[in-house]
>>> print(open('entry10.txt').read())   # compact mmCIF, C-alpha atoms and all ligand atoms
# COMPACT_ATOMS: atom_id res chain seq x y z
CA MET A 84 -0.72 -2.82 7.49
CA PRO A 85 0.40 -0.63 4.60
CA GLU A 86 -2.14 -0.95 1.77
CA GLY A 87 -1.77 -0.64 -2.00
CA HIS A 88 -1.54 3.15 -2.10
CA THR A 89 1.58 3.17 0.11
CA VAL A 90 3.35 0.59 -2.03
CA HIS A 91 2.53 2.52 -5.20
CA ARG A 92 3.87 5.70 -3.59
CA VAL A 93 7.11 3.90 -2.68
CA ALA A 94 7.35 2.55 -6.25
CA ARG A 95 6.96 6.06 -7.70
CA LEU A 96 9.46 7.53 -5.29
CA PHE A 97 12.02 4.76 -5.93
CA HIS A 98 11.49 5.16 -9.65
CA ALA A 99 12.44 8.83 -9.36
CA LEU A 100 15.31 8.27 -6.90
CA PHE A 101 16.92 5.03 -8.03
CA VAL A 102 16.15 4.08 -11.63
CA GLY A 103 19.21 4.43 -13.82
CA ARG A 104 21.50 4.68 -10.83
CA THR A 105 24.07 2.28 -9.47
CA ILE A 106 23.13 1.21 -5.99
CA GLU A 107 25.00 -0.12 -3.04
CA ALA A 108 22.96 -2.74 -1.18
CA LEU A 109 23.67 -3.86 2.37
CA SER A 110 21.96 -5.82 5.08
CA PRO A 111 23.04 -4.17 8.35
CA GLN A 112 20.93 -6.71 10.26
CA GLY A 113 22.56 -9.60 8.38
CA ARG A 114 19.42 -11.52 7.41
CA PHE A 115 19.63 -10.44 3.79
CA SER A 116 23.42 -10.34 3.32
CA GLN A 117 23.51 -12.81 0.44
CA GLY A 118 20.62 -11.14 -1.38
CA ALA A 119 22.14 -7.70 -0.91
CA ALA A 120 25.51 -8.92 -2.23
CA SER A 121 23.84 -10.26 -5.38
CA ILE A 122 22.47 -6.82 -6.31
CA SER A 123 25.06 -4.43 -4.87
CA GLY A 124 26.99 -2.47 -7.51
CA ARG A 125 24.26 -3.05 -10.11
CA SER A 126 21.86 -0.45 -11.37
CA ILE A 127 18.11 -0.43 -10.95
CA VAL A 128 16.29 -0.44 -14.29
CA ALA A 129 12.64 -0.47 -13.16
CA VAL A 130 10.50 -0.25 -10.05
CA ASP A 131 6.83 -1.06 -9.94
CA ALA A 132 4.06 -2.12 -7.59
CA VAL A 133 1.28 -4.66 -7.95
CA GLY A 134 -1.09 -4.53 -5.01
CA LYS A 135 1.07 -4.73 -1.91
CA GLN A 136 4.10 -6.16 -3.73
CA LEU A 137 7.07 -4.03 -4.76
CA PHE A 138 9.37 -5.21 -7.57
CA MET A 139 12.78 -3.66 -8.26
CA ASP A 140 14.48 -4.88 -11.42
CA LEU A 141 18.28 -4.85 -11.58
CA ASP A 142 20.45 -4.75 -14.71
CA ASN A 143 21.66 -8.33 -14.03
CA ASP A 144 18.11 -9.67 -14.56
CA LEU A 145 17.56 -10.24 -10.86
CA ILE A 146 14.54 -8.75 -9.13
CA VAL A 147 14.08 -7.73 -5.53
CA ARG A 148 10.57 -8.42 -4.27
CA VAL A 149 9.39 -6.73 -1.07
CA HIS A 150 6.13 -7.20 0.81
CA LEU A 151 5.91 -4.98 3.87
CA GLY A 152 3.31 -7.14 5.63
CA ILE A 153 1.90 -5.84 8.89
CA TYR A 154 5.01 -4.29 10.45
CA GLY A 155 7.27 -3.46 7.53
CA ALA A 156 8.31 0.08 6.63
CA TRP A 157 10.75 1.98 4.44
CA ASP A 158 12.66 4.96 5.78
CA VAL A 159 13.97 7.18 3.02
CA THR A 160 16.59 9.77 3.94
CA THR A 161 18.29 12.27 1.66
CA HIS A 162 21.61 14.09 2.09
CA PRO A 163 21.19 17.28 4.19
CA ASP A 164 23.02 19.34 1.55
CA ASN A 165 21.32 17.97 -1.54
CA ALA A 166 18.15 19.97 -2.12
CA GLU A 167 17.47 18.25 -5.43
CA VAL A 168 16.85 14.77 -4.00
CA ALA A 169 14.94 16.26 -1.06
CA GLN A 170 12.76 17.95 -3.67
CA ILE A 171 11.84 14.56 -5.15
CA LEU A 172 10.63 13.49 -1.72
CA THR A 173 8.82 16.79 -1.34
CA SER A 174 7.04 16.27 -4.65
CA LEU A 175 5.26 13.31 -3.04
CA GLY A 176 3.60 15.72 -0.66
CA ALA A 177 6.13 16.01 2.13
CA PRO A 178 6.81 19.72 2.58
CA ARG A 179 10.48 20.59 3.17
CA SER A 180 11.13 16.99 4.10
CA ARG A 181 14.38 15.17 3.70
CA ALA A 182 13.41 12.02 5.58
CA ARG A 183 10.14 10.15 5.33
CA ARG A 184 8.69 6.85 6.55
CA PHE A 185 6.40 4.67 4.47
CA GLY A 186 4.65 1.99 6.48
CA GLU A 187 1.31 1.61 8.15
CA TRP A 188 1.86 5.24 9.01
CA GLU A 189 3.42 7.68 6.57
CA GLY A 190 5.14 10.85 7.61
CA ASP A 191 8.38 12.66 8.21
CA HIS A 192 10.91 11.14 10.56
CA ASP A 193 13.91 12.58 12.30
CA ALA A 194 17.19 12.20 10.48
CA PRO A 195 20.64 12.99 11.82
CA ASP A 196 22.83 15.43 9.92
CA ILE A 197 25.39 12.69 9.29
CA PHE A 198 25.06 11.04 5.91
CA PRO A 199 24.53 8.21 5.44
CA PRO A 200 22.73 7.94 8.79
CA PRO A 201 23.85 5.03 10.98
CA PRO A 202 21.37 2.12 10.67
CA VAL A 203 18.89 2.10 13.54
CA GLY A 204 17.20 -1.13 14.60
CA GLN A 205 16.83 -4.20 12.42
CA VAL A 206 17.53 -2.91 8.93
CA ARG A 207 17.01 -5.86 6.58
CA LEU A 208 18.00 -4.01 3.43
CA ARG A 209 19.72 -0.69 2.93
CA LEU A 210 19.87 0.82 -0.56
CA VAL A 211 22.26 3.69 -1.13
CA ALA A 212 22.58 5.82 -4.27
CA ASP A 213 23.47 9.43 -5.01
CA ASP A 214 22.70 11.07 -1.67
CA VAL A 215 19.72 8.85 -0.89
CA VAL A 216 19.39 6.01 1.60
CA ALA A 217 16.36 3.72 1.84
CA ASP A 218 16.19 1.43 4.87
CA LEU A 219 13.77 -1.49 4.98
CA ARG A 220 12.71 -2.86 8.36
CA GLY A 221 10.34 -5.65 9.36
CA PRO A 222 9.04 -6.82 5.96
CA THR A 223 7.11 -10.06 5.54
CA ALA A 224 9.10 -10.73 2.38
CA CYS A 225 12.36 -9.41 0.98
CA GLU A 226 13.97 -11.69 -1.57
CA VAL A 227 15.98 -11.76 -4.75
CA ILE A 228 14.19 -13.69 -7.47
CA THR A 229 14.46 -14.41 -11.18
CA ARG A 230 12.22 -12.89 -13.84
CA GLU A 231 10.35 -16.19 -14.17
CA GLN A 232 9.67 -16.27 -10.44
CA ALA A 233 8.50 -12.65 -10.50
CA ASP A 234 6.20 -13.37 -13.44
CA ALA A 235 4.70 -16.33 -11.57
CA ILE A 236 3.98 -14.12 -8.53
CA ARG A 237 2.47 -11.38 -10.69
CA HIS A 238 0.33 -13.99 -12.44
CA ARG A 239 -1.09 -15.27 -9.15
CA LEU A 240 -2.12 -11.78 -8.01
CA GLY A 241 -5.56 -10.44 -8.68
CA PRO A 242 -5.96 -7.28 -10.72
CA ASP A 243 -4.65 -3.95 -9.46
CA PRO A 244 -6.61 -1.05 -11.03
CA LEU A 245 -3.37 0.77 -11.80
CA VAL A 246 -1.79 -2.22 -13.50
CA MET A 247 -4.69 -3.97 -15.21
CA THR A 248 -6.51 -0.93 -16.47
CA GLY A 249 -9.67 -0.56 -18.53
CA ALA A 250 -12.39 -3.14 -19.00
CA ARG A 251 -10.06 -6.11 -18.55
CA GLY A 252 -9.35 -5.37 -14.88
CA GLN A 253 -13.05 -5.03 -14.13
CA ARG A 254 -13.83 -8.26 -15.98
CA VAL A 255 -11.19 -10.30 -14.14
CA PHE A 256 -12.20 -8.82 -10.77
CA THR A 257 -15.89 -9.50 -11.42
CA GLU A 258 -15.22 -13.11 -12.44
CA ARG A 259 -13.13 -13.81 -9.38
CA LEU A 260 -15.40 -12.00 -6.93
CA LEU A 261 -18.59 -13.64 -8.15
CA GLY A 262 -16.86 -17.02 -8.51
CA THR A 263 -16.68 -17.71 -4.78
CA LYS A 264 -19.29 -18.26 -2.09
CA ARG A 265 -17.00 -16.99 0.67
CA PRO A 266 -18.17 -13.84 2.52
CA ILE A 267 -17.44 -10.71 0.50
CA GLY A 268 -15.67 -9.23 3.53
CA LEU A 269 -13.05 -11.98 3.23
CA VAL A 270 -12.86 -11.98 -0.54
CA LEU A 271 -12.01 -8.28 -0.86
CA MET A 272 -8.85 -8.94 1.18
CA ASP A 273 -7.90 -11.99 -0.91
CA GLN A 274 -4.94 -10.75 -2.98
CA SER A 275 -5.65 -13.32 -5.69
CA VAL A 276 -9.07 -11.74 -6.28
CA VAL A 277 -8.05 -8.08 -6.12
CA ALA A 278 -4.60 -6.75 -5.25
CA GLY A 279 -3.88 -3.98 -2.77
CA ILE A 280 -6.93 -3.85 -0.50
CA GLY A 281 -6.17 -4.19 3.21
CA ASN A 282 -8.21 -3.85 6.36
CA VAL A 283 -8.98 -0.14 6.12
CA TYR A 284 -10.05 -0.06 2.49
CA ARG A 285 -11.99 -3.35 2.92
CA ALA A 286 -14.19 -1.96 5.70
CA GLU A 287 -14.64 1.41 4.03
CA ILE A 288 -15.47 0.11 0.55
CA LEU A 289 -18.08 -2.26 1.98
CA PHE A 290 -19.66 0.62 3.87
CA ARG A 291 -19.56 2.97 0.88
CA HIS A 292 -21.65 0.40 -1.02
CA ARG A 293 -23.76 -0.57 2.03
CA LEU A 294 -22.80 -4.22 1.65
CA ASP A 295 -23.15 -6.90 4.32
CA PRO A 296 -19.61 -8.24 4.85
CA TYR A 297 -20.99 -11.72 5.59
CA ARG A 298 -23.00 -12.11 2.39
CA PRO A 299 -21.52 -14.63 -0.08
CA ALA A 300 -19.49 -12.82 -2.74
CA SER A 301 -21.24 -14.87 -5.45
CA SER A 302 -24.66 -13.46 -4.48
CA HIS A 303 -23.81 -9.99 -5.84
CA SER A 304 -24.62 -8.72 -9.32
CA PRO A 305 -21.99 -7.89 -11.94
CA GLU A 306 -23.17 -4.26 -11.62
CA VAL A 307 -22.25 -4.23 -7.92
CA ALA A 308 -18.89 -5.84 -8.73
CA GLY A 309 -18.27 -3.19 -11.40
CA ALA A 310 -19.11 -0.39 -8.97
CA LEU A 311 -16.75 -1.86 -6.36
CA TRP A 312 -13.95 -2.12 -8.91
CA LYS A 313 -14.36 1.49 -10.05
CA ASP A 314 -14.60 2.71 -6.47
CA TRP A 315 -11.44 0.86 -5.47
CA GLY A 316 -9.63 2.42 -8.43
CA SER A 317 -10.66 5.93 -7.44
CA LEU A 318 -9.82 5.41 -3.75
CA LEU A 319 -6.43 3.98 -4.71
CA ARG A 320 -5.62 6.94 -6.98
CA ASP A 321 -6.66 9.37 -4.27
CA GLY A 322 -4.56 7.49 -1.68
CA ILE A 323 -1.52 7.60 -3.98
CA ALA A 324 -1.96 11.31 -4.55
CA THR A 325 -2.39 12.22 -0.88
CA GLY A 326 -0.61 9.42 1.01
CA VAL A 327 -3.74 9.14 3.14
CA MET A 328 -6.66 6.71 3.13
CA LEU A 329 -9.45 9.24 3.15
CA THR A 330 -12.59 7.29 2.34
CA ARG A 331 -15.42 9.67 3.22
CA ASP A 332 -17.11 11.31 0.28
CA ASP A 333 -19.46 13.52 2.30
CA LEU A 334 -16.88 16.12 3.34
CA SER A 335 -16.76 19.76 2.24
CA PRO A 336 -13.43 20.90 0.75
CA SER A 337 -12.39 22.43 4.08
CA GLU A 338 -13.44 19.33 6.05
CA ARG A 339 -11.51 17.18 3.61
CA LYS A 340 -8.42 19.33 4.08
CA LYS A 341 -8.74 18.88 7.84
CA ALA A 342 -9.28 15.13 7.54
CA LEU A 343 -6.11 14.82 5.45
CA ARG A 344 -4.16 16.21 8.40
CA SER A 345 -5.88 14.38 11.24
CA ALA A 346 -7.06 10.78 11.24
CA GLN A 347 -10.22 11.37 13.28
CA ASN A 348 -12.67 12.16 10.52
CA ARG A 349 -11.34 10.12 7.63
CA HIS A 350 -13.41 7.00 7.88
CA TRP A 351 -16.99 5.80 7.92
CA VAL A 352 -16.54 2.73 10.11
CA TYR A 353 -12.87 1.78 10.39
CA LYS A 354 -11.81 1.80 14.08
CA ARG A 355 -15.14 3.44 14.98
CA GLU A 356 -16.64 0.48 16.87
CA GLY A 357 -19.03 1.58 19.63
CA LYS A 358 -19.46 5.01 18.03
CA GLU A 359 -22.50 6.29 16.18
CA CYS A 360 -22.74 5.47 12.50
CA ARG A 361 -22.29 8.71 10.58
CA VAL A 362 -25.32 7.86 8.42
CA CYS A 363 -27.93 6.14 10.59
CA GLY A 364 -26.78 6.84 14.15
CA SER A 365 -26.77 3.18 15.23
CA VAL A 366 -23.68 1.66 16.81
CA VAL A 367 -20.76 0.66 14.57
CA ALA A 368 -19.79 -2.99 15.17
CA MET A 369 -16.43 -4.75 15.26
CA ASP A 370 -16.10 -8.48 14.66
CA VAL A 371 -13.10 -10.68 14.05
CA MET A 372 -13.24 -12.23 10.61
CA SER A 373 -10.45 -14.66 9.81
CA ALA A 374 -8.17 -13.17 12.48
CA ARG A 375 -8.58 -9.57 11.22
CA LYS A 376 -10.81 -6.91 12.73
CA LEU A 377 -13.84 -6.11 10.65
CA TYR A 378 -15.74 -2.83 11.17
CA TYR A 379 -19.25 -2.28 9.82
CA CYS A 380 -22.66 -0.78 10.52
CA PRO A 381 -25.13 -3.64 11.16
CA TYR A 382 -28.03 -1.40 10.15
CA CYS A 383 -26.67 0.29 6.99
CA GLN A 384 -25.00 -2.90 5.86
CA ALA A 385 -27.80 -5.39 6.56
CA SER A 386 -28.58 -7.84 3.76
ZN ZN B 401 -25.40 3.01 9.76
>>> encode(input="entry10.txt", output="structure tokens")
Amino acid sequence: MPEGHTVHRVARLFHALFVGRTIEALSPQGRFSQGAASISGRSIVAVDAVGKQLFMDLDNDLIVRVHLGIYGAWDVTTHPDNAEVAQILTSLGAPRSRARRFGEWEGDHDAPDIFPPPPVGQVRLRLVADDVVADLRGPTACEVITREQADAIRHRLGPDPLVMTGARGQRVFTERLLGTKRPIGLVLMDQSVVAGIGNVYRAEILFRHRLDPYRPASSHSPEVAGALWKDWGSLLRDGIATGVMLTRDDLSPSERKKALRSAQNRHWVYKREGKECRVCGSVVAMDVMSARKLYYCPYCQAS
């Protein structure tokens, strides 16, 4: 599932590509025809992300909310002859790219030389503006809502370190984390406690702090909560900058460079079940916690 860093990257890209421009909106698949019609021909005035939610504000006071969920992805394609828009994509860290996918996996995708490219597969929403096409496939949510509805959704979400900055974010996170007896491994994925953490960051943050995923969240100190909050903020910023969830902090600069290119050495425990823990050498475990796979080291993360 795409985590908070991906959604923030999409928000930044869409801000650069679409804000201030009139867009054409379509639903080639047909499931979003009415929603697309209500925003087509309008201009986008703002794009932002909170956790895994993307909000695009139109000049008619309607807002498009998108949650990619587990399978959702955006494909952004620029005109083959327009180097300027391709450059905006490139500035996100996609060398000489004119087509890029943002989903669970991020990277360049093939694009035909015809522009706009014919829709492939189940495109729920297609946004077109000035030599750019963004196709949305497989989202959990794609809806047109009012400002009041958007505010209510934002209000229900836990803090996102890039949105609720400074001491306030840490205070709200600490209150919510320590206010529940549920296992901390569950609580870190609860979007009303903290927004943007998914399965990869959950497992890796718990390992980085050597925390037992099964221990009640409420049993931790405010100092631990503060450290988790700050760590999540720095991981999120790094993920936004690189487009990669690189969570190991024991790598040399050259190892880090390598890990940015290949997934093998990025993580402490995520998807490493049965392998040796990089710290203690015991076997990394995988359990199912609330229908999601949980990876941890039973020795390093014992209570
Ligand atoms: Zn270990």
>>> residues_near_ligand(input="entry10.txt", ligand="ligand ZN 401 (chain B)", cutoff="12 Å", atoms="all atoms listed in the file", output="ChimeraX atom specification")
/A:289-295,351-352,355-368,378-385
>>> closest_residue(input="entry10.txt", among="A:Phe115, A:Phe185, A:Tyr154, A:Trp312", to="His91 of chain A", atoms="all atoms listed in the file")
A:Phe185
>>> atom_distance(input="entry10.txt", atom1="atom CA of Gly87 of chain A", atom2="atom CA of Glu231 of chain A")
23.2 Å
>>> atom_distance(input="entry10.txt", atom1="atom CA of Glu338 of chain A", atom2="atom CA of Glu86 of chain A")
23.6 Å
>>> atom_distance(input="entry10.txt", atom1="atom CA of Pro111 of chain A", atom2="atom CA of Leu210 of chain A")
10.7 Å
>>> residues_near_point(input="entry10.txt", point="(-15.8, -14.1, -10.1)", cutoff="9 Å", atoms="all atoms listed in the file", output="NGL selection string")
:A and (254-263 or 276 or 300-301 or 305 or 308)
>>> residues_around(input="entry10.txt", residues="segment 236-240 of chain A", least_positions_apart="4", cutoff="7 Å", atoms="all atoms listed in the file", output="number ranges by chain")
A: 232, 274-275, 278
>>> residues_around(input="entry10.txt", residues="Ala324 of chain A", least_positions_apart="2", cutoff="9 Å", atoms="all atoms listed in the file", output="list in words")
His88, Arg92, Leu175, Gly176, Leu319, Arg320, Asp321, Gly322, Gly326 and Val327 of chain A
>>> axis_aligned_box(input="entry10.txt", around="segment 294-298 of chain A", padding_each_side="3 Å", output="AutoDock Vina command-line options")
--center_x -21.4 --center_y -8.2 --center_z 3.6 --size_x 9.5 --size_y 13.9 --size_z 9.9
>>> closest_residue(input="entry10.txt", among="A:Glu226, A:Glu167, A:Gln253, A:Asp158", to="Gly316 of chain A", atoms="only C-alpha atoms")
A:Gln253
>>> closest_residue(input="entry10.txt", among="A:Asp164, A:Val93, A:His150, A:Asp243", to="Val130 of chain A", atoms="all atoms listed in the file")
A:Val93
>>> closest_residue(input="entry10.txt", among="A:Asn143, A:Ser335, A:Thr160, A:Ser180", to="Thr105 of chain A", atoms="only C-alpha atoms")
A:Asn143
>>> closest_residue(input="entry10.txt", among="A:Val168, A:Ala99, A:Met328, A:Leu208", to="Ile122 of chain A", atoms="all atoms listed in the file")
A:Leu208
>>> residues_around(input="entry10.txt", residues="Asp213 of chain A", least_positions_apart="3", cutoff="9 Å", atoms="only C-alpha atoms", output="PDB file with C-alpha atoms, in the coordinates of the input")
ATOM      1  CA  LEU A 100      15.310   8.270  -6.900  1.00  0.00           C
ATOM      2  CA  PHE A 101      16.920   5.030  -8.030  1.00  0.00           C
ATOM      3  CA  ARG A 104      21.500   4.680 -10.830  1.00  0.00           C
ATOM      4  CA  THR A 105      24.070   2.280  -9.470  1.00  0.00           C
ATOM      5  CA  ILE A 106      23.130   1.210  -5.990  1.00  0.00           C
ATOM      6  CA  THR A 161      18.290  12.270   1.660  1.00  0.00           C
ATOM      7  CA  HIS A 162      21.610  14.090   2.090  1.00  0.00           C
ATOM      8  CA  VAL A 168      16.850  14.770  -4.000  1.00  0.00           C
ATOM      9  CA  VAL A 216      19.390   6.010   1.600  1.00  0.00           C
TER      10      VAL A 216
END
>>> closest_residue(input="entry10.txt", among="A:Ile146, A:Ala212, A:Ala217, A:Ala182", to="Ser110 of chain A", atoms="only C-alpha atoms")
A:Ala217
>>> decode(input="entry10.txt", residues="segment 183-288 of chain A", atoms="C-alpha atoms", output="CSV table (one decimal), in the first residue's frame")
chain,number,residue,atom,x,y,z
A,183,ARG,CA,5.9,7.9,-13.9
A,184,ARG,CA,3.8,5.7,-11.7
A,185,PHE,CA,3.0,6.5,-8.1
A,186,GLY,CA,1.5,3.6,-6.2
A,187,GLU,CA,2.9,0.9,-3.9
A,188,TRP,CA,5.8,1.0,-6.3
A,189,GLU,CA,7.1,4.2,-7.8
A,190,GLY,CA,9.0,4.4,-11.0
A,191,ASP,CA,9.0,5.2,-14.7
A,192,HIS,CA,6.5,3.5,-16.9
A,193,ASP,CA,6.3,3.1,-20.6
A,194,ALA,CA,4.3,5.8,-22.4
A,195,PRO,CA,3.3,5.8,-26.1
A,196,ASP,CA,4.4,8.7,-28.3
A,197,ILE,CA,0.7,9.6,-28.9
A,198,PHE,CA,-0.6,12.3,-26.6
A,199,PRO,CA,-2.8,12.0,-24.7
A,200,PRO,CA,-2.1,8.3,-24.4
A,201,PRO,CA,-5.2,6.0,-24.8
A,202,PRO,CA,-6.5,5.0,-21.3
A,203,VAL,CA,-5.3,1.5,-20.4
A,204,GLY,CA,-7.2,-0.6,-17.9
A,205,GLN,CA,-9.8,0.7,-15.5
A,206,VAL,CA,-9.0,4.4,-15.3
A,207,ARG,CA,-11.4,5.9,-12.7
A,208,LEU,CA,-10.3,9.5,-13.2
A,209,ARG,CA,-8.2,11.1,-15.9
A,210,LEU,CA,-7.1,14.7,-15.4
A,211,VAL,CA,-5.7,16.5,-18.4
A,212,ALA,CA,-4.1,20.0,-18.5
A,213,ASP,CA,-1.4,21.6,-20.6
A,214,ASP,CA,0.5,18.6,-21.9
A,215,VAL,CA,0.0,16.5,-18.8
A,216,VAL,CA,-2.3,13.5,-18.1
A,217,ALA,CA,-2.8,11.9,-14.7
A,218,ASP,CA,-4.6,8.6,-14.7
A,219,LEU,CA,-6.0,7.2,-11.4
A,220,ARG,CA,-6.6,3.4,-11.2
A,221,GLY,CA,-7.9,1.2,-8.4
A,222,PRO,CA,-8.3,3.7,-5.6
A,223,THR,CA,-10.2,2.9,-2.4
A,224,ALA,CA,-11.8,6.3,-2.5
A,225,CYS,CA,-12.3,8.9,-5.2
A,226,GLU,CA,-15.1,11.3,-4.6
A,227,VAL,CA,-16.2,14.9,-5.0
A,228,ILE,CA,-17.0,16.5,-1.7
A,229,THR,CA,-17.8,19.9,-0.2
A,230,ARG,CA,-15.4,22.0,1.9
A,231,GLU,CA,-17.4,21.0,5.1
A,232,GLN,CA,-17.1,17.3,4.3
A,233,ALA,CA,-13.3,17.7,3.6
A,234,ASP,CA,-12.9,19.6,6.9
A,235,ALA,CA,-14.7,16.8,8.7
A,236,ILE,CA,-12.4,14.2,7.2
A,237,ARG,CA,-9.3,16.2,8.0
A,238,HIS,CA,-10.5,16.7,11.6
A,239,ARG,CA,-10.9,12.9,12.1
A,240,LEU,CA,-7.3,12.2,10.9
A,241,GLY,CA,-4.5,12.0,13.3
A,242,PRO,CA,-1.6,14.4,13.0
A,243,ASP,CA,0.7,14.3,10.0
A,244,PRO,CA,4.2,15.7,10.8
A,245,LEU,CA,4.2,17.8,7.7
A,246,VAL,CA,0.8,19.3,8.4
A,247,MET,CA,0.6,19.6,12.1
A,248,THR,CA,4.2,20.8,12.7
A,249,GLY,CA,6.0,21.8,15.9
A,250,ALA,CA,5.1,20.9,19.4
A,251,ARG,CA,1.4,20.6,18.7
A,252,GLY,CA,1.7,17.6,16.4
A,253,GLN,CA,3.8,15.8,19.0
A,254,ARG,CA,1.4,16.6,21.8
A,255,VAL,CA,-1.7,15.3,19.9
A,256,PHE,CA,0.2,12.2,18.8
A,257,THR,CA,1.4,11.5,22.3
A,258,GLU,CA,-2.1,12.0,23.8
A,259,ARG,CA,-3.7,9.6,21.3
A,260,LEU,CA,-1.0,7.0,21.4
A,261,LEU,CA,-0.9,6.8,25.2
A,262,GLY,CA,-4.7,7.0,25.4
A,263,THR,CA,-5.3,3.5,24.2
A,264,LYS,CA,-4.5,0.1,25.6
A,265,ARG,CA,-4.4,-1.5,22.1
A,266,PRO,CA,-1.1,-3.0,21.0
A,267,ILE,CA,1.2,-0.3,19.7
A,268,GLY,CA,1.7,-2.3,16.5
A,269,LEU,CA,-2.0,-1.7,15.7
A,270,VAL,CA,-2.1,1.9,17.0
A,271,LEU,CA,0.7,3.1,14.7
A,272,MET,CA,-1.4,2.1,11.7
A,273,ASP,CA,-4.6,3.8,13.1
A,274,GLN,CA,-5.0,6.9,10.9
A,275,SER,CA,-6.9,8.7,13.6
A,276,VAL,CA,-3.9,8.4,15.9
A,277,VAL,CA,-1.2,9.3,13.4
A,278,ALA,CA,-1.7,9.9,9.6
A,279,GLY,CA,0.4,8.3,6.9
A,280,ILE,CA,2.0,5.3,8.5
A,281,GLY,CA,1.4,2.0,6.6
A,282,ASN,CA,2.8,-1.5,7.0
A,283,VAL,CA,6.4,-0.8,6.0
A,284,TYR,CA,6.9,2.2,8.2
A,285,ARG,CA,5.0,0.6,11.1
A,286,ALA,CA,7.3,-2.4,11.2
A,287,GLU,CA,10.5,-0.4,10.7
A,288,ILE,CA,9.7,2.4,13.2
